[in-house]
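Novice: File name query-v9.cif; file contents mmCIF, C-alpha atoms; full text below.
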```
data_structure
#
loop_
_atom_site.group_PDB
_atom_site.id
_atom_site.type_symbol
_atom_site.label_atom_id
_atom_site.label_comp_id
_atom_site.auth_asym_id
_atom_site.auth_seq_id
_atom_site.Cartn_x
_atom_site.Cartn_y
_atom_site.Cartn_z
ATOM 1 C CA MET A 103 -29.812 9.502 -16.136
ATOM 2 C CA GLN A 104 -29.068 6.399 -14.071
ATOM 3 C CA ALA A 105 -25.484 6.246 -12.861
ATOM 4 C CA PRO A 106 -23.327 3.670 -14.662
ATOM 5 C CA PHE A 107 -22.066 0.702 -12.717
ATOM 6 C CA PHE A 108 -18.400 1.365 -13.526
ATOM 7 C CA SER A 109 -16.412 4.537 -14.042
ATOM 8 C CA ILE A 110 -13.184 3.688 -15.853
ATOM 9 C CA LEU A 111 -10.625 6.436 -15.275
ATOM 10 C CA ILE A 112 -7.720 6.805 -17.699
ATOM 11 C CA PRO A 113 -5.006 9.470 -17.318
ATOM 12 C CA VAL A 114 -3.384 10.090 -20.703
ATOM 13 C CA TYR A 115 0.010 11.592 -21.463
ATOM 14 C CA ASN A 116 1.774 10.909 -24.765
ATOM 15 C CA LYS A 117 0.460 7.375 -25.298
ATOM 16 C CA GLU A 118 -0.538 7.597 -28.968
ATOM 17 C CA ASP A 119 0.963 4.181 -29.738
ATOM 18 C CA TYR A 120 -1.141 2.384 -27.117
ATOM 19 C CA LEU A 121 -4.223 4.478 -26.354
ATOM 20 C CA GLU A 122 -6.541 3.098 -29.054
ATOM 21 C CA ASP A 123 -5.834 -0.485 -27.982
ATOM 22 C CA CYS A 124 -6.468 0.506 -24.369
ATOM 23 C CA ILE A 125 -9.861 2.072 -25.082
ATOM 24 C CA ASN A 126 -10.863 -0.694 -27.511
ATOM 25 C CA SER A 127 -10.175 -3.290 -24.809
ATOM 26 C CA ILE A 128 -12.966 -1.597 -22.839
ATOM 27 C CA ILE A 129 -15.535 -0.794 -25.518
ATOM 28 C CA ASN A 130 -15.286 -4.347 -26.910
ATOM 29 C CA GLN A 131 -16.449 -5.830 -23.584
ATOM 30 C CA GLU A 132 -19.796 -7.635 -23.498
ATOM 31 C CA PHE A 133 -20.676 -5.675 -20.355
ATOM 32 C CA ASP A 134 -21.688 -2.130 -21.306
ATOM 33 C CA ASP A 135 -22.867 -0.422 -18.107
ATOM 34 C CA TYR A 136 -19.883 1.886 -17.745
ATOM 35 C CA GLU A 137 -18.461 5.289 -18.529
ATOM 36 C CA ILE A 138 -14.897 6.117 -19.552
ATOM 37 C CA ILE A 139 -13.297 9.336 -18.361
ATOM 38 C CA LEU A 140 -10.168 10.296 -20.270
ATOM 39 C CA VAL A 141 -7.961 13.016 -18.793
ATOM 40 C CA ASP A 142 -5.482 14.294 -21.375
ATOM 41 C CA ASP A 143 -2.685 15.609 -19.185
ATOM 42 C CA GLY A 144 -1.224 18.036 -21.731
ATOM 43 C CA SER A 145 -0.106 15.460 -24.303
ATOM 44 C CA THR A 146 2.244 16.708 -27.019
ATOM 45 C CA ASP A 147 1.663 13.804 -29.422
ATOM 46 C CA ARG A 148 -1.607 12.646 -31.039
ATOM 47 C CA SER A 149 -3.089 11.377 -27.782
ATOM 48 C CA ASP A 150 -5.334 14.420 -27.393
ATOM 49 C CA SER A 151 -6.815 13.886 -30.866
ATOM 50 C CA ILE A 152 -7.387 10.190 -30.199
ATOM 51 C CA CYS A 153 -9.241 11.090 -26.990
ATOM 52 C CA ASP A 154 -11.450 13.532 -28.925
ATOM 53 C CA ILE A 155 -12.257 10.992 -31.625
ATOM 54 C CA PHE A 156 -13.468 8.435 -29.087
ATOM 55 C CA ALA A 157 -15.367 11.042 -27.028
ATOM 56 C CA ASN A 158 -17.148 12.272 -30.173
ATOM 57 C CA SER A 159 -18.014 8.721 -31.224
ATOM 58 C CA TYR A 160 -19.307 7.299 -27.917
ATOM 59 C CA SER A 161 -21.787 8.978 -25.593
ATOM 60 C CA ASN A 162 -20.358 7.206 -22.551
ATOM 61 C CA ILE A 163 -16.821 8.519 -23.114
ATOM 62 C CA THR A 164 -15.845 11.943 -21.763
ATOM 63 C CA VAL A 165 -12.524 13.724 -22.236
ATOM 64 C CA PHE A 166 -10.939 16.551 -20.273
ATOM 65 C CA HIS A 167 -7.892 18.393 -21.586
ATOM 66 C CA GLY A 168 -5.401 20.115 -19.317
ATOM 67 C CA THR A 169 -1.788 21.086 -18.843
ATOM 68 C CA ASN A 170 0.762 18.532 -17.692
ATOM 69 C CA LYS A 171 0.324 18.170 -13.925
ATOM 70 C CA GLY A 172 1.039 14.473 -13.521
ATOM 71 C CA GLN A 173 -0.824 11.210 -13.340
ATOM 72 C CA SER A 174 -2.042 11.592 -9.758
ATOM 73 C CA VAL A 175 -3.640 14.985 -10.508
ATOM 74 C CA ALA A 176 -5.339 13.476 -13.577
ATOM 75 C CA ARG A 177 -6.661 10.541 -11.523
ATOM 76 C CA ASN A 178 -8.047 12.850 -8.838
ATOM 77 C CA MET A 179 -9.741 14.993 -11.459
ATOM 78 C CA ALA A 180 -11.348 11.943 -13.071
ATOM 79 C CA LEU A 181 -12.432 10.655 -9.666
ATOM 80 C CA ASN A 182 -14.185 13.940 -8.927
ATOM 81 C CA TYR A 183 -16.142 13.735 -12.190
ATOM 82 C CA ALA A 184 -16.932 10.007 -11.982
ATOM 83 C CA LYS A 185 -20.589 9.010 -11.685
ATOM 84 C CA GLY A 186 -20.230 5.234 -11.488
ATOM 85 C CA LYS A 187 -20.875 3.068 -8.454
ATOM 86 C CA TYR A 188 -17.440 1.468 -8.788
ATOM 87 C CA VAL A 189 -14.174 2.904 -10.049
ATOM 88 C CA ILE A 190 -11.538 1.163 -12.159
ATOM 89 C CA PHE A 191 -8.167 2.820 -12.776
ATOM 90 C CA VAL A 192 -6.533 2.005 -16.116
ATOM 91 C CA ASP A 193 -3.204 3.285 -17.443
ATOM 92 C CA ALA A 194 -3.354 4.445 -21.062
ATOM 93 C CA ASP A 195 -0.759 1.910 -22.220
ATOM 94 C CA ASP A 196 -2.445 -1.064 -20.561
ATOM 95 C CA LEU A 197 -5.542 -3.171 -21.313
ATOM 96 C CA LEU A 198 -8.472 -4.903 -19.684
ATOM 97 C CA THR A 199 -8.967 -8.614 -20.279
ATOM 98 C CA ASP A 200 -11.869 -9.626 -22.518
ATOM 99 C CA ARG A 201 -14.335 -10.407 -19.689
ATOM 100 C CA ALA A 202 -12.952 -8.025 -17.075
ATOM 101 C CA LEU A 203 -16.111 -5.976 -16.466
ATOM 102 C CA PHE A 204 -18.341 -9.050 -16.408
ATOM 103 C CA ILE A 205 -16.019 -10.738 -13.883
ATOM 104 C CA LEU A 206 -15.804 -7.671 -11.648
ATOM 105 C CA ASN A 207 -19.544 -7.070 -11.791
ATOM 106 C CA ASN A 208 -20.184 -10.661 -10.651
ATOM 107 C CA GLN A 209 -17.649 -10.369 -7.838
ATOM 108 C CA ILE A 210 -19.301 -7.198 -6.587
ATOM 109 C CA ILE A 211 -22.893 -8.415 -6.832
ATOM 110 C CA ASN A 212 -22.184 -11.884 -5.441
ATOM 111 C CA ASN A 213 -20.226 -10.513 -2.464
ATOM 112 C CA GLY A 214 -22.629 -7.876 -1.211
ATOM 113 C CA SER A 215 -21.091 -4.784 -2.820
ATOM 114 C CA PRO A 216 -17.731 -4.646 -0.979
ATOM 115 C CA ASP A 217 -15.640 -1.510 -0.582
ATOM 116 C CA VAL A 218 -12.788 -3.020 -2.609
ATOM 117 C CA VAL A 219 -12.090 -5.866 -5.015
ATOM 118 C CA ILE A 220 -8.425 -6.838 -5.461
ATOM 119 C CA SER A 221 -7.641 -8.863 -8.586
ATOM 120 C CA ARG A 222 -4.855 -10.699 -10.342
ATOM 121 C CA ARG A 223 -3.257 -9.362 -13.498
ATOM 122 C CA ILE A 224 -1.527 -10.493 -16.677
ATOM 123 C CA THR A 225 1.847 -9.133 -17.814
ATOM 124 C CA LEU A 226 2.252 -8.233 -21.491
ATOM 125 C CA ALA A 227 5.822 -8.266 -22.817
ATOM 126 C CA GLY A 228 5.916 -7.714 -26.562
ATOM 127 C CA GLU A 229 3.267 -10.064 -27.926
ATOM 128 C CA LYS A 230 3.538 -12.574 -25.076
ATOM 129 C CA ARG A 231 1.172 -12.636 -22.119
ATOM 130 C CA TYR A 232 2.231 -14.074 -18.770
ATOM 131 C CA PRO A 233 -0.211 -14.721 -15.905
ATOM 132 C CA CYS A 234 1.072 -13.183 -12.685
ATOM 133 C CA ALA A 235 2.955 -15.522 -10.377
ATOM 134 C CA TYR A 236 0.709 -14.831 -7.409
ATOM 135 C CA SER A 237 -2.782 -15.954 -6.477
ATOM 136 C CA PHE A 238 -4.946 -15.253 -3.442
ATOM 137 C CA ASP A 239 -5.504 -18.015 -0.888
ATOM 138 C CA ILE A 240 -9.064 -16.873 -0.310
ATOM 139 C CA GLU A 241 -10.033 -19.630 2.150
ATOM 140 C CA SER A 242 -7.003 -18.880 4.319
ATOM 141 C CA TYR A 243 -7.721 -15.146 4.151
ATOM 142 C CA LEU A 244 -11.111 -15.782 5.783
ATOM 143 C CA LYS A 245 -9.252 -16.890 8.909
ATOM 144 C CA MET A 246 -6.785 -13.981 8.934
ATOM 145 C CA ASP A 247 -7.041 -10.400 10.097
ATOM 146 C CA LYS A 248 -6.146 -7.576 7.696
ATOM 147 C CA VAL A 249 -2.565 -7.262 8.969
ATOM 148 C CA GLU A 250 -1.893 -10.951 8.287
ATOM 149 C CA ILE A 251 -3.487 -10.686 4.835
ATOM 150 C CA PHE A 252 -1.394 -7.636 3.958
ATOM 151 C CA LYS A 253 1.781 -9.400 5.096
ATOM 152 C CA ASN A 254 0.831 -12.422 2.988
ATOM 153 C CA MET A 255 0.323 -10.210 -0.045
ATOM 154 C CA GLU A 256 3.687 -8.503 0.467
ATOM 155 C CA ARG A 257 5.399 -11.905 0.537
ATOM 156 C CA GLN A 258 3.792 -13.020 -2.718
ATOM 157 C CA LYS A 259 6.168 -13.183 -5.652
ATOM 158 C CA ASP A 260 5.267 -10.744 -8.434
ATOM 159 C CA LEU A 261 2.486 -9.034 -6.442
ATOM 160 C CA TRP A 262 2.857 -5.284 -6.751
ATOM 161 C CA LEU A 263 0.185 -3.269 -4.964
ATOM 162 C CA GLY A 264 -0.544 -1.086 -7.980
ATOM 163 C CA VAL A 265 -3.658 1.032 -8.292
ATOM 164 C CA TRP A 266 -4.932 -0.986 -11.239
ATOM 165 C CA ILE A 267 -5.485 -4.229 -9.292
ATOM 166 C CA PHE A 268 -7.980 -2.323 -7.097
ATOM 167 C CA THR A 269 -11.647 -1.869 -8.051
ATOM 168 C CA CYS A 270 -13.228 0.439 -5.490
ATOM 169 C CA SER A 271 -16.621 1.699 -4.479
ATOM 170 C CA HIS A 272 -16.816 5.317 -5.583
ATOM 171 C CA LYS A 273 -18.723 6.246 -2.448
ATOM 172 C CA TYR A 274 -16.112 4.500 -0.291
ATOM 173 C CA LEU A 275 -13.241 6.441 -1.886
ATOM 174 C CA THR A 276 -14.863 9.848 -1.723
ATOM 175 C CA GLU A 277 -16.336 9.517 1.771
ATOM 176 C CA ASN A 278 -12.915 8.537 3.143
ATOM 177 C CA LYS A 279 -11.110 11.159 1.036
ATOM 178 C CA LEU A 280 -8.948 8.472 -0.543
ATOM 179 C CA PHE A 281 -7.460 10.648 -3.249
ATOM 180 C CA PHE A 282 -3.944 10.490 -4.659
ATOM 181 C CA TYR A 283 -0.931 12.427 -3.393
ATOM 182 C CA GLU A 284 -0.497 14.903 -6.233
ATOM 183 C CA ARG A 285 2.542 15.756 -8.359
ATOM 184 C CA ILE A 286 4.658 12.808 -7.273
ATOM 185 C CA GLN A 287 5.605 9.470 -8.765
ATOM 186 C CA HIS A 288 5.179 6.218 -6.788
ATOM 187 C CA GLU A 289 1.805 7.525 -5.580
ATOM 188 C CA ASP A 290 0.498 3.922 -5.532
ATOM 189 C CA GLU A 291 2.857 3.138 -2.659
ATOM 190 C CA GLU A 292 1.008 5.603 -0.461
ATOM 191 C CA TRP A 293 -2.532 5.212 -1.813
ATOM 192 C CA CYS A 294 -2.907 1.419 -1.761
ATOM 193 C CA PRO A 295 -2.250 0.873 1.986
ATOM 194 C CA ARG A 296 -4.779 3.568 2.892
ATOM 195 C CA VAL A 297 -7.407 2.058 0.595
ATOM 196 C CA PHE A 298 -6.727 -1.402 2.013
ATOM 197 C CA PHE A 299 -6.880 -0.512 5.718
ATOM 198 C CA TYR A 300 -9.797 1.919 5.592
ATOM 199 C CA ALA A 301 -11.955 -0.726 3.890
ATOM 200 C CA THR A 302 -14.460 -2.661 5.967
ATOM 201 C CA SER A 303 -15.023 -5.255 3.224
ATOM 202 C CA ILE A 304 -12.492 -6.547 0.694
ATOM 203 C CA VAL A 305 -13.038 -9.278 -1.904
ATOM 204 C CA PHE A 306 -10.133 -11.102 -3.566
ATOM 205 C CA ASN A 307 -10.529 -12.161 -7.182
ATOM 206 C CA ASN A 308 -8.266 -14.766 -8.780
ATOM 207 C CA GLU A 309 -9.528 -14.214 -12.327
ATOM 208 C CA PRO A 310 -7.154 -11.763 -14.067
ATOM 209 C CA VAL A 311 -8.901 -8.603 -15.239
ATOM 210 C CA TYR A 312 -5.969 -6.316 -16.055
ATOM 211 C CA ILE A 313 -3.124 -6.544 -18.572
ATOM 212 C CA ASN A 314 -0.010 -4.608 -17.582
ATOM 213 C CA ARG A 315 2.362 -3.731 -20.439
ATOM 214 C CA VAL A 316 6.036 -3.786 -19.382
ATOM 215 C CA ASP A 317 8.086 -3.229 -22.539
ATOM 216 C CA ILE A 318 7.389 0.475 -23.142
ATOM 217 C CA PRO A 319 10.345 2.617 -24.310
ATOM 218 C CA ASN A 320 10.828 5.902 -22.425
ATOM 219 C CA SER A 321 8.088 5.079 -19.932
ATOM 220 C CA THR A 322 7.838 6.962 -16.635
ATOM 221 C CA ILE A 323 8.930 3.853 -14.756
ATOM 222 C CA SER A 324 11.956 3.032 -16.933
ATOM 223 C CA THR A 325 13.303 6.572 -17.467
ATOM 224 C CA PRO A 326 15.937 7.564 -14.852
ATOM 225 C CA ASN A 327 14.929 10.681 -12.911
ATOM 226 C CA ILE A 328 16.272 11.525 -9.456
ATOM 227 C CA LYS A 329 12.941 13.175 -8.626
ATOM 228 C CA LYS A 330 11.623 9.630 -8.175
ATOM 229 C CA LEU A 331 13.874 9.234 -5.127
ATOM 230 C CA PHE A 332 12.729 12.483 -3.546
ATOM 231 C CA ASP A 333 9.135 11.446 -4.263
ATOM 232 C CA LEU A 334 9.719 8.128 -2.507
ATOM 233 C CA MET A 335 10.634 10.076 0.613
ATOM 234 C CA LYS A 336 7.423 12.078 0.282
ATOM 235 C CA VAL A 337 5.586 8.757 0.185
ATOM 236 C CA GLU A 338 7.455 7.629 3.299
ATOM 237 C CA GLU A 339 6.529 10.882 5.062
ATOM 238 C CA ALA A 340 2.884 10.533 4.023
ATOM 239 C CA LEU A 341 2.720 6.962 5.367
ATOM 240 C CA LYS A 342 4.215 8.152 8.643
ATOM 241 C CA LYS A 343 1.695 10.978 8.901
ATOM 242 C CA GLU A 344 -1.235 8.661 8.131
ATOM 243 C CA PHE A 345 -0.311 5.618 10.200
ATOM 244 C CA GLU A 346 1.394 7.153 13.246
ATOM 245 C CA ASN A 347 -1.365 9.514 14.293
ATOM 246 C CA GLY A 348 -3.024 7.299 16.906
ATOM 247 C CA ARG A 349 -5.938 6.325 14.665
ATOM 248 C CA TRP A 350 -4.612 2.868 13.874
ATOM 249 C CA ALA A 351 -3.937 -0.231 15.981
ATOM 250 C CA LEU A 352 -0.308 -0.809 16.974
ATOM 251 C CA ASP A 353 0.094 -3.839 14.688
ATOM 252 C CA ILE A 354 -0.972 -1.759 11.670
ATOM 253 C CA GLN A 355 1.361 1.060 12.718
ATOM 254 C CA HIS A 356 4.236 -1.409 12.962
ATOM 255 C CA LEU A 357 3.398 -2.991 9.616
ATOM 256 C CA MET A 358 3.519 0.427 7.971
ATOM 257 C CA TYR A 359 6.799 1.192 9.742
ATOM 258 C CA VAL A 360 8.325 -1.854 8.063
ATOM 259 C CA ARG A 361 6.785 -0.769 4.754
ATOM 260 C CA ARG A 362 8.488 2.602 5.155
ATOM 261 C CA CYS A 363 11.756 0.743 5.768
ATOM 262 C CA ARG A 364 11.207 -1.157 2.521
ATOM 263 C CA ILE A 365 10.865 2.162 0.704
ATOM 264 C CA ILE A 366 14.109 3.472 2.225
ATOM 265 C CA PHE A 367 15.961 0.256 1.418
ATOM 266 C CA TYR A 368 14.694 0.383 -2.178
ATOM 267 C CA ALA A 369 15.744 4.041 -2.421
ATOM 268 C CA ILE A 370 19.282 3.137 -1.353
ATOM 269 C CA ILE A 371 19.527 0.521 -4.107
ATOM 270 C CA GLN A 372 18.094 2.925 -6.697
ATOM 271 C CA SER A 373 20.586 5.612 -5.628
ATOM 272 C CA THR A 374 23.293 3.743 -7.529
ATOM 273 C CA LYS A 375 21.832 5.184 -10.768
ATOM 274 C CA TYR A 376 22.245 8.816 -9.763
ATOM 275 C CA GLN A 377 25.760 9.202 -8.357
ATOM 276 C CA ASN A 378 26.686 11.723 -11.060
ATOM 277 C CA ASN A 379 23.475 13.712 -10.794
ATOM 278 C CA ASP A 380 23.668 17.396 -9.834
ATOM 279 C CA ARG A 381 21.244 16.788 -6.949
ATOM 280 C CA TYR A 382 23.030 13.734 -5.578
ATOM 281 C CA SER A 383 24.540 15.500 -2.543
ATOM 282 C CA GLU A 384 21.136 16.971 -1.720
ATOM 283 C CA TRP A 385 19.637 13.507 -2.046
ATOM 284 C CA LEU A 386 22.216 11.958 0.317
ATOM 285 C CA ASN A 387 21.325 14.537 2.967
ATOM 286 C CA VAL A 388 17.640 13.571 2.673
ATOM 287 C CA LEU A 389 18.430 9.855 2.732
ATOM 288 C CA ASN A 390 20.785 10.051 5.711
ATOM 289 C CA LEU A 391 17.990 11.441 7.860
ATOM 290 C CA ARG A 392 16.177 8.115 7.464
ATOM 291 C CA ILE A 393 18.915 5.476 7.621
ATOM 292 C CA ASP A 394 18.441 4.945 11.368
ATOM 293 C CA MET A 395 14.916 3.634 10.727
ATOM 294 C CA LEU A 396 16.347 0.470 9.177
ATOM 295 C CA ARG A 397 17.863 -0.521 12.501
ATOM 296 C CA GLN A 398 14.390 -1.236 13.930
ATOM 297 C CA SER A 399 13.026 -3.143 10.921
ATOM 298 C CA ASP A 400 11.843 -6.741 11.259
ATOM 299 C CA ILE A 401 13.728 -7.579 8.072
ATOM 300 C CA LEU A 402 17.341 -8.723 8.520
ATOM 301 C CA LEU A 403 18.460 -7.279 5.184
ATOM 302 C CA HIS A 404 17.285 -3.825 6.273
ATOM 303 C CA ARG A 405 19.217 -4.054 9.538
ATOM 304 C CA CYS A 406 22.331 -5.211 7.684
ATOM 305 C CA MET A 407 22.042 -2.212 5.351
ATOM 306 C CA TYR A 408 21.824 0.105 8.361
ATOM 307 C CA TYR A 409 25.068 -1.236 9.873
ATOM 308 C CA LEU A 410 26.882 -1.185 6.521
ATOM 309 C CA CYS A 411 25.856 2.436 5.916
ATOM 310 C CA ARG A 412 27.019 3.388 9.385
ATOM 311 C CA LEU A 413 30.292 1.474 8.928
ATOM 312 C CA PHE A 414 31.222 2.761 5.471
ATOM 313 C CA GLY A 415 29.062 5.860 5.197
ATOM 314 C CA THR A 416 26.001 6.000 2.956
ATOM 315 C CA LYS A 417 27.822 7.540 -0.005
ATOM 316 C CA LEU A 418 30.562 4.891 -0.040
ATOM 317 C CA MET A 419 28.035 2.114 0.551
ATOM 318 C CA ILE A 420 26.032 3.185 -2.494
ATOM 319 C CA TYR A 421 29.237 3.309 -4.540
ATOM 320 C CA LEU A 422 30.164 -0.220 -3.412
ATOM 321 C CA LEU A 423 26.675 -1.421 -4.298
ATOM 322 C CA SER A 424 27.040 0.049 -7.785
ATOM 323 C CA LEU A 425 30.358 -1.801 -8.247
ATOM 324 C CA ILE A 426 28.780 -5.082 -7.139
ATOM 325 C CA MET A 427 25.843 -4.577 -9.488
ATOM 326 C CA ARG A 428 28.178 -3.758 -12.361
ATOM 327 C CA ILE A 429 30.231 -6.908 -11.737
ATOM 328 C CA ARG A 430 27.023 -8.971 -11.648
ATOM 329 C CA GLY A 431 25.888 -7.327 -14.891
ATOM 330 C CA LYS A 432 22.745 -5.636 -13.520
#
```
Go ahead and render the structure in this file as structure tokens.
Specialist:
Amino acid sequence: MQAPFFSILIPVYNKEDYLEDCINSIINQEFDDYEIILVDDGSTDRSDSICDIFANSYSNITVFHGTNKGQSVARNMALNYAKGKYVIFVDADDLLTDRALFILNNQIINNGSPDVVISRRITLAGEKRYPCAYSFDIESYLKMDKVEIFKNMERQKDLWLGVWIFTCSHKYLTENKLFFYERIQHEDEEWCPRVFFYATSIVFNNEPVYINRVDIPNSTISTPNIKKLFDLMKVEEALKKEFENGRWALDIQHLMYVRRCRIIFYAIIQSTKYQNNDRYSEWLNVLNLRIDMLRQSDILLHRCMYYLCRLFGTKLMIYLLSLIMRIRGK
């Protein structure tokens, strides 16, 4: 059989309230040269049954059932089974826009089959849809190198480098071993920079193709879990290992250094949620090993945080931050 143009990879874990809408947003597309690979990651609700119903009803939908190993493991498994020329990653509680596959197909064909297409998204909150605040200045990007483009993207309001704004050549991903760091959260933070900088051709698409749902109770993102902080440090370590090994130009190495500082700064702010956690002392020991990095950051706020942590101590600084946030009602 001829390989489909798109492989749409969907990790599934306890998304019974959203999964049918997610899959229907794909099968209702006018463009039909695709396969869907569902990886049921040990769901304990009706998600596994919903996957089976769709797989039994559509020849281009395949489901794999497994034990709960996390989203990144499920994505890697789907990527290994994918047959399509291009890969789209979709979360089971999100949607594609009505013409998403048609738009992406045109972008790929009209731009000489690039390694990567990066697109805009729509945010879905309740029943209301909001176009993302960012757009790509494509003409200006033609005059910039990849470091300048990446910096521009990082400065854009509302632009989160999430896996689902990337449409990637399957061959490109597999040949460069661009798989996900397994069994951690925040895996996008580590995967997206690698995918961006390994690529020799990137196309930017200003037509939204993805709808990101943000009002989900008990979602992975919204549920407090101190493991997220430890995982952030694994992401920081992985970025260091990848981008400080002599393979990359100095400007890319420096850019990723600042990105690692952003992760540490964010982790300090998020630490305010876990001061009563049993692993908090362990976490402070891990965090303190990285505070000195902020001193060399290009970003003034990072350097200020370094000096405040050294002046007051990291533990007291986090406590003071929590008081300030409480007073401000955040």
Novice: Find the spatial neighbours of region 213-230 of chain A, counting all atoms listed in the file, within a cut-off of 6 Å - ignore same-chain residues fewer than 2 positions away - and output them as number ranges by chain.
Specialist: A: 209-211, 232-234, 267-271, 301, 303-308, 310-317
Novice: For the point (-16.9, -7.2, -17.7) in the file's frame, write as a list in words all residues with an atom no more than 10 Å away, counting all atoms listed in the file.
Specialist: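 Output: Phe108, Ile128, Asn130, Gln131, Glu132, Phe133, Asp134, Asp135, Tyr136, Leu198, Thr199, Asp200, Arg201, Ala202, Leu203, Phe204, Ile205, Leu206, Asn207, Asn208 and Val311 of chain A.
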Novice: Convert the output of the PyMOL selection byres ((chain A and resi 251) around 12) on the shown file into explicit residues, formatted as a PDB file with C-alpha atoms, in the coordinates of the input.
Specialist:
```
ATOM      1  CA  PHE A 238      -4.946 -15.253  -3.442  1.00  0.00           C
ATOM      2  CA  ASP A 239      -5.504 -18.015  -0.888  1.00  0.00           C
ATOM      3  CA  ILE A 240      -9.064 -16.873  -0.310  1.00  0.00           C
ATOM      4  CA  GLU A 241     -10.033 -19.630   2.150  1.00  0.00           C
ATOM      5  CA  SER A 242      -7.003 -18.880   4.319  1.00  0.00           C
ATOM      6  CA  TYR A 243      -7.721 -15.146   4.151  1.00  0.00           C
ATOM      7  CA  LEU A 244     -11.111 -15.782   5.783  1.00  0.00           C
ATOM      8  CA  LYS A 245      -9.252 -16.890   8.909  1.00  0.00           C
ATOM      9  CA  MET A 246      -6.785 -13.981   8.934  1.00  0.00           C
ATOM     10  CA  ASP A 247      -7.041 -10.400  10.097  1.00  0.00           C
ATOM     11  CA  LYS A 248      -6.146  -7.576   7.696  1.00  0.00           C
ATOM     12  CA  VAL A 249      -2.565  -7.262   8.969  1.00  0.00           C
ATOM     13  CA  GLU A 250      -1.893 -10.951   8.287  1.00  0.00           C
ATOM     14  CA  PHE A 252      -1.394  -7.636   3.958  1.00  0.00           C
ATOM     15  CA  LYS A 253       1.781  -9.400   5.096  1.00  0.00           C
ATOM     16  CA  ASN A 254       0.831 -12.422   2.988  1.00  0.00           C
ATOM     17  CA  MET A 255       0.323 -10.210  -0.045  1.00  0.00           C
ATOM     18  CA  GLU A 256       3.687  -8.503   0.467  1.00  0.00           C
ATOM     19  CA  ARG A 257       5.399 -11.905   0.537  1.00  0.00           C
ATOM     20  CA  GLN A 258       3.792 -13.020  -2.718  1.00  0.00           C
ATOM     21  CA  PRO A 295      -2.250   0.873   1.986  1.00  0.00           C
ATOM     22  CA  PHE A 298      -6.727  -1.402   2.013  1.00  0.00           C
ATOM     23  CA  PHE A 299      -6.880  -0.512   5.718  1.00  0.00           C
ATOM     24  CA  ILE A 304     -12.492  -6.547   0.694  1.00  0.00           C
ATOM     25  CA  VAL A 305     -13.038  -9.278  -1.904  1.00  0.00           C
ATOM     26  CA  PHE A 306     -10.133 -11.102  -3.566  1.00  0.00           C
ATOM     27  CA  ILE A 354      -0.972  -1.759  11.670  1.00  0.00           C
ATOM     28  CA  LEU A 357       3.398  -2.991   9.616  1.00  0.00           C
TER      29      LEU A 357
END
```
Novice: Calculate how many Å separate CA of Ile370 (chain A) from CA of Phe281 (chain A), rounding to one decimal.
Specialist: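 Separating CA of Ile370 (chain A) from CA of Phe281 (chain A) is a distance of 27.8 Å.
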Novice: So, with only C-alpha atoms as the atoms that count, which of A:Asn278, A:Ser109, A:Gln287, A:Ser145 lies closest to Leu181 (chain A)?
Specialist: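 Going through A:Asn278, A:Ser109, A:Gln287, A:Ser145 one by one, the smallest distance to Leu181 (chain A) is for A:Ser109.
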Novice: Which residues come within 12 Å of Leu422 (chain A), counting all atoms listed in the file, excluding same-chain residues fewer than 2 positions away, as a PyMOL selection string?
Specialist: chain A and resi 370-371+373-374+377+410-411+414-420+424-429
Novice: Nearest to Lys171 (chain A) among A:Glu292, A:Glu338, A:Asp143, A:Asp353, with distances taken over all atoms listed in the file: which residue is it?
Specialist: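 Closest residue, counting all atoms listed in the file: A:Asp143.
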Novice: What is the distance between CA of Phe345 (chain A) and CA of Arg392 (chain A), in Å to one decimal?
Specialist: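 Separation of CA of Phe345 (chain A) and CA of Arg392 (chain A): 16.9 Å.
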Novice: Counting all atoms listed in the file, which residue out of A:Asp154, A:Asn212, A:Pro113, A:Leu261 sits closest to Val192 (chain A)?
Specialist: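 Between A:Asp154, A:Asn212, A:Pro113, A:Leu261, the residue approaching Val192 (chain A) most closely is A:Pro113.
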Novice: For the file shown, report as a list of chain:residue names the outcome of the PyMOL selection byres ((chain A and resi 186) around 6) at residue level.
Specialist: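 On the file shown, the PyMOL selection byres ((chain A and resi 186) around 6) covers A:Ala105, A:Pro106, A:Phe107, A:Phe108, A:Ser109, A:Ala184, A:Lys185, A:Lys187, A:Tyr188.
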Novice: Could you tell me how far CA of Glu118 (chain A) sits from CA of Leu140 (chain A), in Å to one decimal place?
Specialist: 13.3 Å
Novice: Quick one: residues within 9 Å of Thr164 (chain A), only C-alpha atoms, excluding same-chain residues fewer than 6 positions away - as number ranges by chain?
Specialist: A: 137-141, 153-154, 156-158
Novice: Give as a PyMOL selection string the residues that the PyMOL selection byres ((chain A and resi 334) around 8) matches when applied to the coordinates above.
Specialist: chain A and resi 287-288+330-333+335-338+365-366+369
